[in-house]
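What follows is a short report on a single structure.
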Amino acid sequence: MSGAATNMRVKLPAICLVLQIILIILFGVLVQYNHDTDAKLWHKGNQSDYENDFYYRYPSFQDVHVMIFVGFGFLMTFLQRYGFSSVGFNFLIAAFSLQWATLMQGFFHGFHGGKIHIGVESMINADFCTGAVLISFGAVLGKTSPVQLLVMAMFEVTLFSINEYILLSLLGARDAGGSMTIHTFGAYFGLVVTRVLYRPNLDKSQKRNSSVYHSDLFAMIGTLFLWMFWPSFNSAVTAHGDDQHRTAMNTYYSLASCTLATFGMSALTAHDGKLDMVHIQNAALAGGVAIGTAGEMMLTPFGSMIVGFLAGIISVLGFKYLSPFLESKLKIQDTCGVHNLHGMPGILGAIVGAVTAAAATTEIYGGGMKDVFPDVASQARDSFKQGGLQAISLVVTLGMALGGGLIVGFILKLPIYGSPSDTICYEDSIYWEVPGEEETHEDQLTTVRAEEVEKLNS
Amino acid sequence: MSGAATNMRVKLPAICLVLQIILIILFGVLVQYNHDTDAKLWHKGNQSDYENDFYYRYPSFQDVHVMIFVGFGFLMTFLQRYGFSSVGFNFLIAAFSLQWATLMQGFFHGFHGGKIHIGVESMINADFCTGAVLISFGAVLGKTSPVQLLVMAMFEVTLFSINEYILLSLLGARDAGGSMTIHTFGAYFGLVVTRVLYRPNLDKSQKRNSSVYHSDLFAMIGTLFLWMFWPSFNSAVTAHGDDQHRTAMNTYYSLASCTLATFGMSALTAHDGKLDMVHIQNAALAGGVAIGTAGEMMLTPFGSMIVGFLAGIISVLGFKYLSPFLESKLKIQDTCGVHNLHGMPGILGAIVGAVTAAAATTEIYGGGMKDVFPDVASQARDSFKQGGLQAISLVVTLGMALGGGLIVGFILKLPIYGSPSDTICYEDSIYWEVPGEEETHEDQLTTVRAEEVEKLNS
Amino acid sequence: MSGAATNMRVKLPAICLVLQIILIILFGVLVQYNHDTDAKLWHKGNQSDYENDFYYRYPSFQDVHVMIFVGFGFLMTFLQRYGFSSVGFNFLIAAFSLQWATLMQGFFHGFHGGKIHIGVESMINADFCTGAVLISFGAVLGKTSPVQLLVMAMFEVTLFSINEYILLSLLGARDAGGSMTIHTFGAYFGLVVTRVLYRPNLDKSQKRNSSVYHSDLFAMIGTLFLWMFWPSFNSAVTAHGDDQHRTAMNTYYSLASCTLATFGMSALTAHDGKLDMVHIQNAALAGGVAIGTAGEMMLTPFGSMIVGFLAGIISVLGFKYLSPFLESKLKIQDTCGVHNLHGMPGILGAIVGAVTAAAATTEIYGGGMKDVFPDVASQARDSFKQGGLQAISLVVTLGMALGGGLIVGFILKLPIYGSPSDTICYEDSIYWEVPGEEETHEDQLTTVRAEEVEKLNS
């Protein structure tokens with residue numbers, strides 16, 4: 001894995017600047033304002049300004065944006081000596097991914113006359129795709145160089161966009177909050193990558209693979225911003241009107257229910273009945289993942305709460321019993337436990353979505369059927385077939401994630417990226433200038449004396 | 001108080017899982033989508049999507065949501081060894097309370113044909129009710145078990161909803177930002193509870209009842225998110241249009257004015273002219289509390305600034321002079337000083353609201369009278385009577401809070417909840433797995449050596 | 001500089017309370033609700049509620065508000081012993097400035113019949129003006145007393161408003177995101193002030209003029225909230241519809257591009273190829289500054305990314321090579337490096353804006369020309385002249401900032417404000433009650449024993 005220098009003096013500038021220049025050129029050639037962002041096009045019509053998609057989606061976009069940068073970034077600061085890398089590399093690969101995703105998704109979804117048309121909805125979708133990359137980042141956290149992460153992001157964004165195209169465009173599946181496209185894909189992709197990058201001697205870095213008191217509080221900033229804004233995440237690209245409204249509300253109740261399940265299960269399973277911060281930081285979010293597909297459907301708050309409840313239970317049990325098994329038996333070193341937060345709850349969400357779709361009737365949806373299940377409304381298929389295609393979408397996603405992760409994992413195994421050796425994982429000082437310690441007590445005494453002198457002088 | 005084990009292995013899972021299952025069942029029986037969240041109902045009409053209440057209220061809802069989870073949660077992390085509990089228990093009881101409040105408030109306000117209809121406005125109201133519980137949590141912070149807190153939340157949400165019903169529905173009082181329903185009620189309820197739970201030997205935990213440098217910075221995260229989003233809080237459920245707009249603006253100026261008053265008073269009253277973080281973290285917010293009732297009225301920015309100014313002064317003086325008195329003489333151990341931030345400023349807000357209501361004229365309000373004072377607009381009462389009913393509402397609220405707190409306090413005194421003994425208050429490690437210390441200096445040397453070896457190898 | 005006592009017992013209360021009382025009186029005399037916040041005026045018309053400006057601008061306002069209080073406040077917490085002052089004084093001077101700016105800007109822009117009319121747009125503008133003051137605060141951070149800062153704010157807000165009036169009203173320049181009015185003005189004003197306040201013996205405080213591990217993480221909270229919400233900042237006061245939409249999107253891509261440039265340049269220039277937190281915290285934001293003027297124009301995402309890319313490169317190079325030069329040769333002690341984040345990128349933004357304006361054609365803007373360049377649309381001038389006036393605006397701004405900073409610097413040099421001596425800069429304990437250290441290990445042992453006793457008892 002290592003042996004190559006971790007020095008980033010040449011590699012990181014090269015990849016950052018070259019990738020950015022390529023992105024700029026491709027944007028210059030391919031990207032255009034869409035109808036709602038172009039001065040001329042917008043003013044051609046007779047729309048009122050309040051009909052601009054900006055006012056329907058921008059508040060949700062900003063919430064999603066916070067989840068991507070602060071939510072994911074700080075959630076991963078729980079490690080005691082890896083805060084700079086968690087927040088910093090999260091920042092770097094997100095800034096890259098959202099640009100690359102604009103192109104990849106635009107190529108598959110928004111290509112008009114040879115040009116990609118962009119606006120607030122494409123920005124949200126780019127952030128969504130970035131979310132999948134950050135989930136995979138969680139699986140390999142502490143064991144990869146920033147160059148390796150950028151290479152991973154480049155491939156993962158591409159595969160994500162292909163998978164998303166198959167699901168949403170070819171199969172006509174519904175997945176507004178991305179239980180399948182984002183969470184299942186991101187998690188299993190990352191798990192396979194970390195399996196391929198298996199480090200037999202990682203126990204030598206074990207002492208740093210844990211939190212300290214303050215790092216757990218920083219991580220809670222990430223947890224809470226993810227938790228609070230998840231209703232916006234799931235509703236950000238659903239249809240206008242009742243759909244966005246209903247999706248946000250379903251997510252709200254799913255998460256609340258999940259949180260009580262998480263606290264209960266954490267005390268039940270943990271040592272001495274004490275709560276485990278790992279569970280609170282992660283499992284309490286599983287309710288947002290598991291409601292990602294069905295959130296826009298007429299699941300009812302009742303159904304949403306059941307989903308959240310199950311997600312919380314599954315997730316805590318995963319952290320407690322499954323993760324150690326995956327690590328010892330299957331050699332999957334999953335730093336953040338993304339299998340418990342995104343993997344299993346993502347699958348649960350896909351199944352719930354398939355069942356809910358299969359149960360949809362005009363009796364329930366009325367005129368809203370065309371927004372939630374356009375193919376059913378247009379009688380291109382019946383609800384049962386929609387449910388079947390949702391299930392097939394899960395299988396496709398798992399296949400794409402596992403296959404893609406395998407290939408990309410081997411690409412990332414090449415000893416050219418400057419990844420750390422097994423003894424020096426989870427350590428900021430390899431890639432960052434880390435500041436010294438705080439002033440010593442002696443310095444402080446000097447300070448106090450200086451203060452006294454000052455008082456005498458004045 | 002104690003004597004019972006603080007071990008939560010059985011109690012906490014039992015109460016969390018049982019309460020959540022009950023909530024799920026009640027939601028299944030009672031709760032329905034309202035007009036704006038139901039696919040069929042929404043599409044029956046000819047509304048444009050931008051008329052959906054989601055677009056009027058969801059951005060405000062999200063701001064309120066951040067105040068509840070990050071604002072209240074981090075504000076209480078100022079204690080040096082109670083950060084996990086502050087953020088974590090805040091998270092737990094808020095997730096419970098918002099579900100329970102949906103039912104209780106729905107029972108009193110949104111019952112249609114045996115069903116509770118919910119949407120974004122009920123979500124905001126549920127978060128509001130949760131706010132009152134979290135205020136009471138501030139009074140008992142560090143001295144209660146999570147089980148005890150959930151029991152308190154269960155009763156407090158119920159009483160809150162009854163009081164709210166009396167004020168808003170029976171008396172026709174106006175209280176958009178909850179100076180009375182949320183702040184006064186939450187504060188005095190909590191103060192009576194902490195009085196009943198008086199701990200004579202709490203001084204044995206005194207050394208942990210204070211902050212450290214970094215914990216004060218974490219607390220400022222809470223303070224600032226509360227401060228910034230308070231305009232959204234007060235305007236979240238006012239009428240659409242000028243009302244939301246005006247309320248947000250009045251709150252903005254009240255808070256700014258309060259902040260200068262707080263800094264001034266803090267330096268004036270504190271030792272050596274040095275500023276006290278407790279004042280900045282708390283008293284600077286009193287301007288939001290005190291403008292809660294009158295914020296939607298035509299108070300003018302001028303009036304709002306006077307209210308904020310007074311609130312800041314009262315609050316700092318309360319921290320400095322009244323809190324020690326309450327503790328030593330009245331045996332009220334108010335950990336966060338909620339009396340100074342929510343109690344007195346809440347009463348001030350109620351009085352300002354009564355006076356402003358009594359002074360309302362058609363000359364000033366014009367056609368907007370029906371939004372702010374519907375009973376005055378419909379000539380069911382005159383302004384003076386409206387003012388009188390506002391004042392009566394304050395008295396009712398105080399009565400409900402004091403009486404309710406007394407009863408609930410005694411319920412919470414039962415030695416079955418696993419609350420900590422007097423010697424071990426303000427301490428996370430009773431209820432949480434607390435991580436060890438950071439790497440020792442010796443470990444770091446090992447790390448440095450490992451790095452050097454790696455460099456040689458590469 | 002010093003010699004005067006740093007004791008704030010009299011000075012700070014006096015200035016805070018007197019200023020606030022003056023503000024209240026002036027608001028009472030001069031300020032009124034505008035059409036969209038006044039109950040009577042709003043209800044006179046036949047507007048639909050969704051046409052109220054609140055719904056167009058309030059979400060953006062809240063994002064800007066977070067940038068001002070959390071963004072700027074936490075960005076400056078990187079110093080190891082100056083976190084209270086960074087967040088606290090930021091809070092104080094922002095709360096003052098936004099009130100004073102309401103009056104000053106209202107006097108120049110919103111004066112109707114002797115009254116200043118206010119609403120959400122004036123609130124955003126007041127926050128914008130506050131931003132300029134906080135930029136200047138960054139230059140003098142750690143070396144000034146709170147009284148000094150309030151005096152600086154008082155003068156700077158006034159000069160800002162005059163400069164803004166000259167640019168926007170007299171010259172008809174466009175500067176929606178404030179590359180000139182906010183960033184260039186704030187930076188150069190602050191740089192001249194810190195030059196006048198030059199401290200020859202500041203090296204005696206040098207050991208505190210650096211970060212520690214956790215303080216760098218706190219600073220990243222500030223960085224990320226600034227980065228995420230910058231699209232809202234630049235689009236907050238542009239015209240409704242496509243303009244807000246386009247501005248947000250241009251800013252989004254500029255920042256993403258800037259971030260990759262920053263990481264690349266940081267690794268390229270820093271010691272051993274290691275990333276420098278100072279660059280990540282600051283230079284990654286330069287893309288938001290540099291797109292401030294041209295963001296609303298039809299710059300295209302392609303153009304925006306080029307601007308962001310250049311801004312990131314310039315900013316890192318500034319931190320690495322120019323700042324040490326400015327300090328050693330020109331005696332400019334720029335604590336936060338505002339020259340690199342706001343100064344040079346601000347000038348870049350002004351130039352980009354001038355060029356983009358000069359290149360505007362009806363072919364590109366169509367009916368949208370009247371929103372972006374009203375004077376060109378009305379044929380009062382041609383695009384080339386608009387570009388020229390943009391360039392002149394930059395020169396005016398630099399002149400106002402340098403001249404104003406010089407005068408205000410000398411006013412601030414008076415030995416009456418209680419500023420710290422050179423030996424005690426960057427130190428919270430002069431102005432704040434700073435809490436003691438965390439519990440010692442011995443205390444913890446006592447705690448553990450107490451726990452054991454409790455277990456035995458129960």
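Within each chain, counting starts at residue 1; across the structure tokens, chains are named A, B, ... in the order shown, with ligands numbered 1 upward in that order.
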
* Please return, as a PyMOL selection string, all residues of chain C lying within 6 Å of chain A when only C-alpha atoms are considered. => chain C and resi 3-5+212+241-242+245-246+256+260-261+264+267-268+273-276+302+365-368

* Step one, run DSSP on the backbone; step two, keep only residues of range 47-123 of chain C assigned to alpha helix (DSSP H); then write them as number ranges by chain. => C: 53-66, 72-75, 83-109, 120-123

* **Between CA of Phe78 in chain A and CA of Ser210 in chain A - distance in Å to one decimal** =>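 Taking CA of Ser210 in chain A as the start and CA of Phe78 in chain A as the end point, the length is 7.4 Å.
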
* To do: State, in Å with one decimal place, the distance from CA of Val151 in chain A to CA of Ser266 in chain C.
  =>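 Spanning CA of Val151 in chain A to CA of Ser266 in chain C is a straight-line distance of 19.1 Å.
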
* To do: Could you tell me how far CA of Gln148 in chain A lies from CA of Ala187 in chain A, in Å and to one decimal?
  =>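 So the answer is 17.5 Å.
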
* To do: Would you mind writing down, as a list in words, each residue of range 40-201 of chain A that DSSP on the backbone assigns to strand (DSSP E or B)?
  =>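 Selecting the strand (DSSP E or B) positions of range 40-201 of chain A gives Phe111, His112, Lys115, Ile116, His117 and Ile118 of chain A.
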
* To do: Find, counting only C-alpha atoms, the residue in C:Arg208, C:His240, C:His271, C:His183 that gets nearest to Val133 in chain C.
  =>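 The closest residue to Val133 in chain C is C:His183.
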